[in-house]
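Visitor: Dumping the structure here so I can ask a few things about it.
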Amino acid sequence: MKKILILICLFPLISTLLLASLRCMSKILVCIIGVGSIVSSTIFAILLAFYYYLKPNPFLEHLYSWISIYDVKINFNFYIDGLSVVMICIVNGIGLLIHLFSTWYMCENFKYKKDYLLSRFFLYMNLFMLNMLILILGDNLILLLLGWEGVGFCSYLLISYYYRVYNNVISGFKAFITTRIGDLFFAIGIFFVWIQFNTFDIQQLLTKFSLLNNTNSFRYELIAFMFMLGTISKSAQIPLHTWLIDAMVGPTPVSALIHAATMITSGVYFIIRTHFLFELAPITLNTIGLIGTITLLLAGISALTQNNIKRILACSTLSQVGYMFVAIGIKAWHAAIFHVMIHAFFKALLFISAGSLIISCKHSQNILKIRSIFLSLSKNIRIAYYFCFVIGGSALSALPIITAGFYSKEKIILLSKISGYNKIWIVGLVGAFITSIYTFRTILIMFNKNINKFIIFFNNQKPLIYNVSHNLPLFILLILSTYLGSLIKIPMQKEITMYNIEVENCCNIISSIIVIVGITIAAKIFLFSNVYYMDIIEVVLGKLVLNIIYTIGGFDWLYIKLVIIPYLYLVRINKFDCITFIINNIINKVILFFYTVMTKLHNGNLSFYLTIFIVGIITSLLMSNIL
Amino acid sequence: MIKNAQILPISFLFITLIILIITISFNRKNLIIFIITIIGLLISLLSIFLIKHTLFYPLIMIDNYSLFYTFLILISALYCSIFSYTYLNKNEEVYMLIICSTIGAILLVLSIHMTTFFIGLELMSIALYGLIIYLRNDKDNDLKALESGIKYMVLSSMASCFLLFGMALLYFYYGNLTFTNYYFKLDDNTTLWTIIGIVLILISLGFKLSIIPFHSYTPDLYEGTMPPITAFIATVTKISVFVAFMRLLMILPNITSFLNNVLTIISIVTILFGNILALKQNNLKRILGYSSIANLGYLLTVIIAMQMHICKFILETINIYLLTYTLTTLGIFGIISLINNETLSFYKGLFWSKPDLAIVLTIMLLSLAGIPLTAGFIGKVYIFLNALNYQLWFILISIGIGNSIGIYYYFRIISFLYMNVNKKQLIFDLNSFVYYLVLSLSLFILVFGLFPQNIISLIRVFS
């Protein structure tokens, strides 16, 4: 068992080292190493899942004790239970499909963007997988922090992968710094845990919590709040979400893997892993729920005004992660993880097909421009794209019965109704309504034949070859996004809630109707006339409001005004502070004074040395007798 | 099981010494002498692992701790003789003197009686005089070596006088020369003369350890001797004398509680001024001399903690710090004897001509400065924890200040290494064997820093 666990992590590590040391290999070899490692890792992950399916007992696997100096012990343990098995399977499965897709995507992309190294891409991707696996499997908070920081770092590297464009590097910085702020609080939370419980192991923490009687809840509130700040920065929730939209400048497979399917949900994973801590902190849980609702509404509304396909998908990711946070806020852990899984399926599908579409449409990301180019493609390809987007989009907007998204998202909405959070229930319904509108707005604008006023033809262009590595991931994800995906059972304890079937049916019917109404409205508005849509919105709302909506609450502007400018001002003032003055003029001079005095004693004169020796003896004799 | 395996290491060294003397008088081939030396040292190193039981004679005591220090001494002697083989062409007597001095050092480590103690110390020192003044047919360096040797000899014989005087005073009071007897005959009204005797003994040992204010000869000595011999002085001498110092204080806990304040002041002064003095020096070996003063100051703080309460943690601290200090020092002196130049300006831009050597030197210096992921960091952590455990606040502060000053001058050397100067390619042919030895040392330092637990548990085997 231990070997399987090690092997899961070992393959990405080996391929990372290989790719890092042998930089200039042929592209085929790079692809084989980069994808092959994930294939082998996935095989062992499936073995692990199978083993767990046969013997569903959680267990702890001791790998290595990093350091133990008397009572400070840091053990590197892996913990296997239903949650980590599910997350491993999601990360490895989706990761494998996206790695496979990215061999096609990157090779096609290099025809357009030359002189970037392919091995660098797979190096970062494999490193990301390694860190993500450590984050999921690690039982120790320190080990978890290692994975946590590692995924953030890899995300930074991959966002600024096309480093020759200045803006991409700035976006990478933004993502890194914003998540670093959260990581700081996360680390503070870990220190609080150490002070309070004297351990870093999550399982030991759990046993200590079970012995606890609920007296001093403020401390747990504080710890949980620190962890919450860490998770909202990693999962891009409202005050710290600004980096995700800019992170879309990275390659599209990266957006699919890191910024939609896996890393963005690691915050959700962490909260559920330590849910016993959050259960003792009701205020923090309510805050999480509030943040989730605000995010899902604002991001959804913002997606209505976006025109860049990747930004639309990023906004939808924000709002779906908002749903997960809502589920956490109402303590529906199982529903949250289920939505994590289903969301990973359909969002990966949407991002992959968007990436493929972007390549096919001459690297244009604007949906209006895509529409113009799209009609120049051959008919079969157009139908395939349409099919992919409709399935993915309906899963995103939770079209009843046939899509997987329905079963996961409705569960959250239903549970919020049953647990008595009526406001959250209403917000969830509104969010579902908005989701269906913006999803079908995108699809209808891109694939609408009726308003084909400007068709751009590229005649002298070789047709693209869509090989297995392009088709297979799309096909598998298509299947998983339909009803068949929702059949996958999660080996976790479900929430025990008392509800009758009538309420459930009633709720499901209400939300289904809302989704269908949303799609119809989208069809009404966008199927025939959408040319003046943006103008109309601008006239109705005014430019300022539109801008605020477009930037999801205008937090960027706020941060520049409130944080960055004062910070830079303080830095400028602080350049000549008193501490530097003290160091330069006092401490420096004192040390140099002693230095000159003492070096004068080393004059190379033997008689002088002898004198010092004797004087030293006499003083120490005197001191030892007097003191 | 061999009978009396406990004294095998030292007896093998004696046999090697005799063989060396005979061989030198017939055959003056450098390589043969070198090989005999290495084989002798290796055999006595391996024979340590044969020892299973502790031994308690009236004159010497062999337990796990003293075996660990013997091991360290033998390792450093081995490294030093290999360095000197590549450094000098005709140096048959050097090996003989090194072996002789090593025997003295081991005897000092094992001693629990004043006679063995004194014999060991003098055997080590007298052979060392020969090593220091060893001529290299190079006028400037030879003059320096002579000067520093004479200074060291005069001062060292002074210290020996005081040592003998202190012993005589102790004998006057106790009528016995065994260490253990002092322990059993403790009483509160120890007279002035015993205290003076103990202080005199400790001072003469402090002189060998170059603790401020008895340090004045150190920089000259480091500058004057050849690099392999400097390595020998910085490791073998320091380890053995420090261990003897520790033994003495371990056995005399109550008497020496009078000394605690003096020791505290001395260690603070040693740490601070040892570091301050190294600030602006331009000779690498001189800097290392000052840094060794500071390092012994750090070790002295552990001894102060030991006065309050002896536990395994303190002994482990000393073991680990001595190990890291020895390996790092050996590595740096190995590089100096490879490059055969000690002025700092010569190292300017070393990275651009010899990147591997510069990186190895950087690792060593980082370890001395106590930067994480190197062995030196683990040693510093132990020293810090020790001072924290016993709440020696002044010492803690001075360790902090000393360390930060230390970072300045170690990083000054490192910045010299990476300076971009348009200089011609340095031409020196590296001896590959020594090069790999140094490389292995730096790897060990990194491994120790990365996986401290494995090596800490290895060291615990010895205790």
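Following the order of the structure tokens, first chain is A, next is B, and so on, with residues numbered from 1 inside each chain and ligands from 1 in the order they appear.
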Using only C-alpha atoms, I'd like every residue of chain B that has an atom within 10 Å of chain A; please write them out as a ChimeraX atom specification.
Guide: /B:147-148,150-152,154-155,158-159,162,192,195-200,203-204,207,212-220,256-263,265-266,272-281,313,382,385,405,450-454,456-457
Visitor: Please provide the set of residues having any atom within 12 Å of Leu205 of chain A, restricted to only C-alpha atoms, with same-chain residues fewer than 2 positions apart removed, written as an MDAnalysis selection string.
Guide: chainID A and resid 139:141 190 193:194 196:203 207:212 273:277
Visitor: Using the selection just defined, write its residues with C-alpha atoms as a short mmCIF file (atom, residue, chain, number, x, y, z; two decimals), in the first residue's frame.
Guide:
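In the end it all went to result34.cif:
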data_model
loop_
_atom_site.label_atom_id
_atom_site.label_comp_id
_atom_site.auth_asym_id
_atom_site.auth_seq_id
_atom_site.Cartn_x
_atom_site.Cartn_y
_atom_site.Cartn_z
CA ASP A 139 -2.01 14.47 6.64
CA ASN A 140 0.41 16.90 8.19
CA LEU A 141 -0.38 20.59 8.02
CA ILE A 190 -1.23 26.61 11.27
CA VAL A 193 -3.16 25.25 15.68
CA TRP A 194 0.31 24.45 17.00
CA GLN A 196 -3.50 25.48 20.77
CA PHE A 197 -3.11 21.75 20.20
CA ASN A 198 0.65 21.13 19.99
CA THR A 199 0.37 19.02 16.88
CA PHE A 200 0.44 19.40 13.12
CA ASP A 201 -1.22 16.11 12.23
CA ILE A 202 -4.82 16.45 11.11
CA GLN A 203 -5.84 13.05 12.45
CA THR A 207 -8.89 13.01 18.14
CA LYS A 208 -8.05 16.03 20.24
CA PHE A 209 -11.19 17.75 19.00
CA SER A 210 -13.36 14.79 19.85
CA LEU A 211 -12.16 14.95 23.46
CA LEU A 212 -12.85 18.66 23.63
CA ARG A 273 -10.75 17.93 5.29
CA THR A 274 -10.75 20.01 8.49
CA HIS A 275 -14.52 20.36 8.76
CA PHE A 276 -14.47 19.35 12.43
CA LEU A 277 -12.64 22.61 13.08
#
Visitor: Neighbouring residues of segment 244-252 of chain A were defined as those with any atom within 9 Å, considering only C-alpha atoms; residues of the same chain fewer than 2 positions away were excluded. Please report them as a compact mmCIF listing (two decimals) with all heavy atoms, in the first residue's frame.
Guide:
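result_12.txt, written as the output of this step:
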# COMPACT_ATOMS: atom_id res chain seq x y z
N SER A 102 -3.33 18.71 -24.08
CA SER A 102 -2.38 19.80 -24.26
C SER A 102 -1.25 19.42 -25.21
O SER A 102 -0.60 20.31 -25.76
CB SER A 102 -1.83 20.27 -22.92
OG SER A 102 -1.28 19.20 -22.23
N TYR A 105 -2.79 20.72 -28.24
CA TYR A 105 -2.98 22.17 -28.18
C TYR A 105 -1.66 22.90 -28.29
O TYR A 105 -1.51 23.83 -29.09
CB TYR A 105 -3.68 22.52 -26.86
CG TYR A 105 -3.91 23.99 -26.68
CD1 TYR A 105 -5.07 24.59 -27.14
CD2 TYR A 105 -2.97 24.79 -26.03
CE1 TYR A 105 -5.28 25.93 -26.98
CE2 TYR A 105 -3.18 26.14 -25.87
CZ TYR A 105 -4.34 26.71 -26.35
OH TYR A 105 -4.54 28.04 -26.19
N MET A 106 -0.67 22.45 -27.51
CA MET A 106 0.59 23.18 -27.50
C MET A 106 1.30 23.05 -28.84
O MET A 106 1.89 24.01 -29.33
CB MET A 106 1.51 22.69 -26.38
CG MET A 106 1.01 22.97 -24.99
SD MET A 106 0.40 24.61 -24.71
CE MET A 106 1.90 25.50 -24.44
N SER A 155 1.03 27.61 -10.52
CA SER A 155 0.03 28.42 -11.19
C SER A 155 0.65 29.72 -11.69
O SER A 155 0.43 30.13 -12.84
CB SER A 155 -1.11 28.68 -10.22
OG SER A 155 -1.67 29.93 -10.40
N TYR A 156 1.49 30.32 -10.85
CA TYR A 156 2.18 31.55 -11.27
C TYR A 156 3.05 31.29 -12.49
O TYR A 156 3.05 32.05 -13.47
CB TYR A 156 3.03 32.07 -10.11
CG TYR A 156 4.20 32.91 -10.51
CD1 TYR A 156 4.01 34.16 -11.07
CD2 TYR A 156 5.50 32.45 -10.36
CE1 TYR A 156 5.07 34.94 -11.45
CE2 TYR A 156 6.56 33.21 -10.74
CZ TYR A 156 6.35 34.46 -11.29
OH TYR A 156 7.41 35.20 -11.68
N LEU A 158 2.77 29.02 -14.74
CA LEU A 158 2.03 28.69 -15.95
C LEU A 158 1.24 29.86 -16.48
O LEU A 158 1.04 29.98 -17.69
CB LEU A 158 1.12 27.50 -15.68
CG LEU A 158 1.88 26.17 -15.64
CD1 LEU A 158 1.06 25.10 -14.99
CD2 LEU A 158 2.27 25.76 -17.04
N ILE A 159 0.79 30.75 -15.59
CA ILE A 159 0.07 31.93 -16.09
C ILE A 159 1.01 32.78 -16.93
O ILE A 159 0.66 33.26 -18.01
CB ILE A 159 -0.49 32.77 -14.91
CG1 ILE A 159 -1.62 32.03 -14.23
CG2 ILE A 159 -1.00 34.11 -15.41
CD1 ILE A 159 -2.00 32.62 -12.92
N SER A 160 2.24 32.94 -16.42
CA SER A 160 3.18 33.76 -17.19
C SER A 160 4.04 32.89 -18.10
O SER A 160 5.21 33.15 -18.28
CB SER A 160 4.03 34.59 -16.25
OG SER A 160 4.48 33.82 -15.19
N TYR A 161 3.42 31.83 -18.64
CA TYR A 161 4.19 30.94 -19.51
C TYR A 161 4.65 31.65 -20.77
O TYR A 161 5.79 31.51 -21.20
CB TYR A 161 3.35 29.72 -19.87
CG TYR A 161 4.03 28.79 -20.82
CD1 TYR A 161 5.12 28.04 -20.40
CD2 TYR A 161 3.61 28.67 -22.13
CE1 TYR A 161 5.78 27.20 -21.27
CE2 TYR A 161 4.26 27.82 -23.00
CZ TYR A 161 5.35 27.09 -22.57
OH TYR A 161 5.99 26.27 -23.43
N TYR A 162 3.76 32.44 -21.37
CA TYR A 162 4.18 33.23 -22.55
C TYR A 162 4.82 34.51 -22.03
O TYR A 162 4.25 35.59 -22.09
CB TYR A 162 2.98 33.55 -23.43
CG TYR A 162 2.31 32.33 -23.99
CD1 TYR A 162 0.97 32.08 -23.80
CD2 TYR A 162 3.04 31.40 -24.73
CE1 TYR A 162 0.37 30.96 -24.32
CE2 TYR A 162 2.44 30.27 -25.25
CZ TYR A 162 1.11 30.06 -25.03
OH TYR A 162 0.52 28.94 -25.54
N ASN A 167 2.28 41.83 -20.26
CA ASN A 167 1.04 41.73 -19.49
C ASN A 167 0.87 40.38 -18.82
O ASN A 167 0.36 40.29 -17.71
CB ASN A 167 -0.13 41.99 -20.43
CG ASN A 167 -0.96 43.13 -19.94
OD1 ASN A 167 -0.56 43.80 -18.99
ND2 ASN A 167 -2.09 43.36 -20.56
N ASN A 168 1.32 39.33 -19.50
CA ASN A 168 1.17 37.99 -18.94
C ASN A 168 1.96 37.86 -17.65
O ASN A 168 1.51 37.27 -16.68
CB ASN A 168 1.67 36.94 -19.93
CG ASN A 168 0.83 36.92 -21.17
OD1 ASN A 168 -0.17 37.61 -21.26
ND2 ASN A 168 1.23 36.12 -22.14
N SER A 171 0.17 39.56 -14.92
CA SER A 171 -0.95 38.74 -14.44
C SER A 171 -0.45 37.65 -13.52
O SER A 171 -1.07 37.35 -12.48
CB SER A 171 -1.69 38.11 -15.61
OG SER A 171 -2.19 39.09 -16.45
N GLY A 172 0.68 37.04 -13.89
CA GLY A 172 1.27 36.01 -13.04
C GLY A 172 1.62 36.56 -11.68
O GLY A 172 1.28 35.96 -10.66
N LYS A 174 0.30 39.05 -10.22
CA LYS A 174 -0.93 39.37 -9.49
C LYS A 174 -1.48 38.12 -8.83
O LYS A 174 -1.82 38.14 -7.64
CB LYS A 174 -1.94 39.96 -10.47
CG LYS A 174 -3.12 40.58 -9.81
CD LYS A 174 -3.98 41.22 -10.87
CE LYS A 174 -5.29 41.67 -10.32
NZ LYS A 174 -6.15 42.16 -11.39
N ALA A 175 -1.53 37.04 -9.61
CA ALA A 175 -2.05 35.79 -9.05
C ALA A 175 -1.19 35.35 -7.88
O ALA A 175 -1.69 34.97 -6.82
CB ALA A 175 -2.07 34.71 -10.11
N SER A 235 -9.17 29.85 -3.62
CA SER A 235 -10.34 29.49 -4.40
C SER A 235 -10.99 30.70 -5.07
O SER A 235 -12.07 30.59 -5.61
CB SER A 235 -11.38 28.81 -3.52
OG SER A 235 -10.91 27.55 -3.15
N ALA A 236 -10.33 31.85 -4.99
CA ALA A 236 -10.78 33.05 -5.69
C ALA A 236 -12.20 33.44 -5.33
O ALA A 236 -13.07 33.51 -6.19
CB ALA A 236 -10.63 32.88 -7.20
N HIS A 241 -10.65 37.69 -5.33
CA HIS A 241 -10.90 36.88 -6.53
C HIS A 241 -10.25 37.48 -7.76
O HIS A 241 -10.28 36.87 -8.82
CB HIS A 241 -12.39 36.82 -6.78
CG HIS A 241 -12.94 38.17 -7.12
ND1 HIS A 241 -13.10 39.14 -6.15
CD2 HIS A 241 -13.28 38.74 -8.28
CE1 HIS A 241 -13.54 40.23 -6.72
NE2 HIS A 241 -13.66 40.03 -8.00
N THR A 242 -9.67 38.68 -7.65
CA THR A 242 -9.34 39.45 -8.86
C THR A 242 -8.31 38.76 -9.73
O THR A 242 -8.23 39.05 -10.91
CB THR A 242 -8.81 40.83 -8.46
OG1 THR A 242 -7.82 40.63 -7.48
CG2 THR A 242 -9.88 41.69 -7.91
N VAL A 254 -3.97 25.01 -19.26
CA VAL A 254 -3.66 25.41 -17.88
C VAL A 254 -4.91 25.95 -17.22
O VAL A 254 -5.23 25.60 -16.08
CB VAL A 254 -2.55 26.47 -17.90
CG1 VAL A 254 -2.37 27.04 -16.52
CG2 VAL A 254 -1.28 25.87 -18.40
N SER A 255 -5.66 26.78 -17.96
CA SER A 255 -6.89 27.31 -17.38
C SER A 255 -7.83 26.18 -17.06
O SER A 255 -8.54 26.20 -16.06
CB SER A 255 -7.56 28.27 -18.36
OG SER A 255 -6.62 29.16 -18.86
N ALA A 256 -7.84 25.17 -17.94
CA ALA A 256 -8.75 24.05 -17.72
C ALA A 256 -8.35 23.27 -16.47
O ALA A 256 -9.18 22.94 -15.64
CB ALA A 256 -8.74 23.13 -18.93
N LEU A 257 -7.05 22.98 -16.34
CA LEU A 257 -6.61 22.11 -15.25
C LEU A 257 -6.55 22.87 -13.93
O LEU A 257 -7.12 22.43 -12.93
CB LEU A 257 -5.24 21.52 -15.58
CG LEU A 257 -4.66 20.60 -14.53
CD1 LEU A 257 -5.55 19.42 -14.32
CD2 LEU A 257 -3.28 20.14 -14.91
N HIS A 259 -7.08 26.43 -13.22
CA HIS A 259 -7.99 27.50 -12.84
C HIS A 259 -9.45 27.14 -13.05
O HIS A 259 -10.31 28.01 -13.05
CB HIS A 259 -7.62 28.77 -13.59
CG HIS A 259 -6.20 29.14 -13.36
ND1 HIS A 259 -5.28 29.24 -14.37
CD2 HIS A 259 -5.52 29.34 -12.23
CE1 HIS A 259 -4.11 29.53 -13.86
NE2 HIS A 259 -4.22 29.58 -12.56
N LYS A 310 -12.85 33.07 -22.71
CA LYS A 310 -12.17 32.53 -21.54
C LYS A 310 -12.56 33.29 -20.28
O LYS A 310 -12.66 32.72 -19.20
CB LYS A 310 -10.65 32.57 -21.75
CG LYS A 310 -10.19 31.51 -22.72
CD LYS A 310 -8.71 31.48 -22.85
CE LYS A 310 -8.07 30.83 -21.66
NZ LYS A 310 -6.61 30.73 -21.83
N ARG A 311 -12.81 34.58 -20.44
CA ARG A 311 -13.23 35.35 -19.27
C ARG A 311 -14.62 34.94 -18.83
O ARG A 311 -14.93 34.90 -17.64
CB ARG A 311 -13.19 36.85 -19.58
CG ARG A 311 -11.79 37.39 -19.68
CD ARG A 311 -11.82 38.85 -20.06
NE ARG A 311 -12.17 39.68 -18.93
CZ ARG A 311 -11.27 40.37 -18.22
NH1 ARG A 311 -10.00 40.31 -18.54
NH2 ARG A 311 -11.64 41.12 -17.23
N ILE A 312 -15.49 34.64 -19.81
CA ILE A 312 -16.83 34.16 -19.45
C ILE A 312 -16.71 32.88 -18.64
O ILE A 312 -17.35 32.72 -17.59
CB ILE A 312 -17.68 33.91 -20.71
CG1 ILE A 312 -17.98 35.23 -21.41
CG2 ILE A 312 -18.97 33.20 -20.36
CD1 ILE A 312 -18.64 35.08 -22.74
N ALA A 314 -14.18 31.89 -16.92
CA ALA A 314 -13.59 32.18 -15.61
C ALA A 314 -14.66 32.69 -14.66
O ALA A 314 -14.73 32.27 -13.50
CB ALA A 314 -12.48 33.21 -15.76
N CYS A 315 -15.54 33.57 -15.16
CA CYS A 315 -16.61 34.08 -14.31
C CYS A 315 -17.50 32.94 -13.87
O CYS A 315 -17.95 32.88 -12.71
CB CYS A 315 -17.45 35.11 -15.06
SG CYS A 315 -16.63 36.67 -15.22
N LEU A 318 -15.92 31.08 -11.10
CA LEU A 318 -16.08 31.81 -9.84
C LEU A 318 -17.43 31.51 -9.23
O LEU A 318 -17.55 31.21 -8.05
CB LEU A 318 -15.97 33.32 -10.08
CG LEU A 318 -14.58 33.91 -10.19
CD1 LEU A 318 -14.69 35.40 -10.37
CD2 LEU A 318 -13.85 33.60 -8.92
N PHE A 351 -13.64 24.16 -21.15
CA PHE A 351 -12.37 24.83 -21.41
C PHE A 351 -11.62 24.17 -22.55
O PHE A 351 -11.03 24.84 -23.39
CB PHE A 351 -11.51 24.84 -20.15
CG PHE A 351 -11.54 26.14 -19.42
CD1 PHE A 351 -12.13 26.26 -18.19
CD2 PHE A 351 -11.00 27.27 -20.01
CE1 PHE A 351 -12.16 27.46 -17.53
CE2 PHE A 351 -11.04 28.48 -19.35
CZ PHE A 351 -11.62 28.57 -18.10
N ILE A 352 -11.67 22.84 -22.58
CA ILE A 352 -10.95 22.14 -23.65
C ILE A 352 -11.57 22.48 -24.99
O ILE A 352 -10.88 22.81 -25.95
CB ILE A 352 -10.97 20.62 -23.40
CG1 ILE A 352 -9.98 20.27 -22.33
CG2 ILE A 352 -10.63 19.88 -24.66
CD1 ILE A 352 -9.89 18.79 -22.12
N ALA A 354 -13.26 25.09 -25.67
CA ALA A 354 -12.97 26.49 -25.97
C ALA A 354 -11.56 26.63 -26.51
O ALA A 354 -11.35 27.38 -27.48
CB ALA A 354 -13.14 27.33 -24.71
N GLY A 355 -10.62 25.90 -25.90
CA GLY A 355 -9.25 25.96 -26.39
C GLY A 355 -9.14 25.50 -27.83
O GLY A 355 -8.50 26.14 -28.67
N SER A 356 -9.82 24.41 -28.12
CA SER A 356 -9.80 23.88 -29.48
C SER A 356 -10.44 24.87 -30.44
O SER A 356 -9.94 25.11 -31.55
CB SER A 356 -10.53 22.54 -29.48
OG SER A 356 -10.74 22.13 -30.78
N THR A 551 -15.88 44.33 -14.14
CA THR A 551 -14.69 43.93 -13.38
C THR A 551 -15.06 43.20 -12.09
O THR A 551 -14.24 43.10 -11.18
CB THR A 551 -13.85 45.16 -13.03
OG1 THR A 551 -14.71 46.06 -12.35
CG2 THR A 551 -13.27 45.82 -14.23
Visitor: Could you tell me how far atom CA of Phe338 of chain A lies from atom CA of Lys417 of chain A, in Å and to one decimal?
Guide: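 Those two atoms sit 17.9 Å apart.
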Visitor: Just want the 12 Å neighbourhood of Ser436 of chain A, counted on only C-alpha atoms, with same-chain residues fewer than 6 positions away dropped. Output as a ChimeraX atom specification.
Guide: /A:300-301,303-304,316,390,392-400,405-406,429-430,442-444,511-523
Visitor: Would you put the residues from that selection into a file with C-alpha atoms, as a PDB file, in the first residue's frame?
Guide:
ATOM      1  CA  GLY A 300     -22.772  35.504 -12.772  1.00  0.00           C
ATOM      2  CA  ILE A 301     -23.908  39.031 -13.494  1.00  0.00           C
ATOM      3  CA  ALA A 303     -20.406  37.032 -17.090  1.00  0.00           C
ATOM      4  CA  LEU A 304     -23.395  38.593 -18.839  1.00  0.00           C
ATOM      5  CA  SER A 316     -18.679  30.910 -14.422  1.00  0.00           C
ATOM      6  CA  VAL A 390     -24.311  22.563 -25.773  1.00  0.00           C
ATOM      7  CA  GLY A 392     -21.057  21.453 -21.471  1.00  0.00           C
ATOM      8  CA  GLY A 393     -23.188  24.563 -21.283  1.00  0.00           C
ATOM      9  CA  SER A 394     -26.319  22.702 -20.272  1.00  0.00           C
ATOM     10  CA  ALA A 395     -24.353  20.890 -17.585  1.00  0.00           C
ATOM     11  CA  LEU A 396     -23.111  24.274 -16.396  1.00  0.00           C
ATOM     12  CA  SER A 397     -26.607  25.722 -16.321  1.00  0.00           C
ATOM     13  CA  ALA A 398     -27.963  22.511 -14.767  1.00  0.00           C
ATOM     14  CA  LEU A 399     -30.482  21.498 -17.381  1.00  0.00           C
ATOM     15  CA  PRO A 400     -32.793  19.006 -15.692  1.00  0.00           C
ATOM     16  CA  GLY A 405     -24.656  19.446 -13.337  1.00  0.00           C
ATOM     17  CA  PHE A 406     -28.318  19.223 -12.432  1.00  0.00           C
ATOM     18  CA  LEU A 429     -32.119  29.961  -7.646  1.00  0.00           C
ATOM     19  CA  VAL A 430     -31.336  33.435  -8.951  1.00  0.00           C
ATOM     20  CA  THR A 442     -22.359  32.673 -25.225  1.00  0.00           C
ATOM     21  CA  ILE A 443     -23.415  29.582 -27.139  1.00  0.00           C
ATOM     22  CA  LEU A 444     -26.073  31.341 -29.153  1.00  0.00           C
ATOM     23  CA  SER A 511     -35.373  25.046 -10.107  1.00  0.00           C
ATOM     24  CA  SER A 512     -35.880  23.127 -13.348  1.00  0.00           C
ATOM     25  CA  ILE A 513     -38.523  25.605 -14.416  1.00  0.00           C
ATOM     26  CA  ILE A 514     -36.219  28.481 -13.551  1.00  0.00           C
ATOM     27  CA  VAL A 515     -33.389  27.050 -15.615  1.00  0.00           C
ATOM     28  CA  ILE A 516     -35.637  26.393 -18.593  1.00  0.00           C
ATOM     29  CA  VAL A 517     -37.099  29.882 -18.354  1.00  0.00           C
ATOM     30  CA  GLY A 518     -33.608  31.272 -18.298  1.00  0.00           C
ATOM     31  CA  ILE A 519     -32.644  29.384 -21.430  1.00  0.00           C
ATOM     32  CA  THR A 520     -35.795  30.537 -23.202  1.00  0.00           C
ATOM     33  CA  ILE A 521     -35.161  34.144 -22.307  1.00  0.00           C
ATOM     34  CA  ALA A 522     -31.597  33.817 -23.581  1.00  0.00           C
ATOM     35  CA  ALA A 523     -32.941  32.322 -26.790  1.00  0.00           C
TER      36      ALA A 523
END
Visitor: Quick one: everything within 10 Å of Met61 of chain B, counting only C-alpha atoms, minus sequence neighbours fewer than 4 positions away in the same chain. Send it as a ChimeraX atom specification.
Guide: /B:6-7,54-57,66,107,109-113
Visitor: With DSSP run on the backbone, what are the alpha helix (DSSP H) residues within segment 132-336 of chain B? I'd like them as a ChimeraX atom specification.
Guide: /B:132,139-174,179-184,192-208,218-224,227-232,238-251,260-277,284-308,312-336
Visitor: Leaving out segment 29-42 of chain A and any residue of its chain fewer than 3 positions from it, which residues lie within 7 Å of it when counting only C-alpha atoms, given as a ChimeraX atom specification?
Guide: /A:7-8,11-12,15,25-26,45-46,92-93,96,99-100,103,119,122,126
Visitor: Find, counting only C-alpha atoms, the residue in B:Ile371, B:Leu441, B:Ile32, B:Leu392 that gets nearest to Tyr410 of chain B.
Guide: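 So, comparing all the options, the nearest one is B:Ile371.
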Visitor: Quick one: residues within 10 Å of Asn319 of chain B, only C-alpha atoms, excluding same-chain residues fewer than 2 positions away - as a list in words?
Guide: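 Listing them by chain and then by number gives Tyr65, Phe68, Tyr69, Leu72, Val243, Phe313, Ile314, Leu315, Glu316, Thr317, Tyr321, Leu322, Leu323, Thr324, Tyr325, Gly379, Ile456, Ile459, Arg460, Phe462 and Ser463 of chain B.
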Visitor: Enter the distance from atom CA of Leu527 of chain A to atom CA of Asn380 of chain A, in Å, rounded to one decimal.
Guide: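 These two atoms are separated by 21.8 Å.
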Visitor: Find the residue from A:Ile587, A:Leu368, A:Ser302, A:Ala335 that sits nearest to Val545 of chain A; use only C-alpha atoms when measuring.
Guide: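 With only C-alpha atoms as the atom set, the closest residue is A:Ser302.
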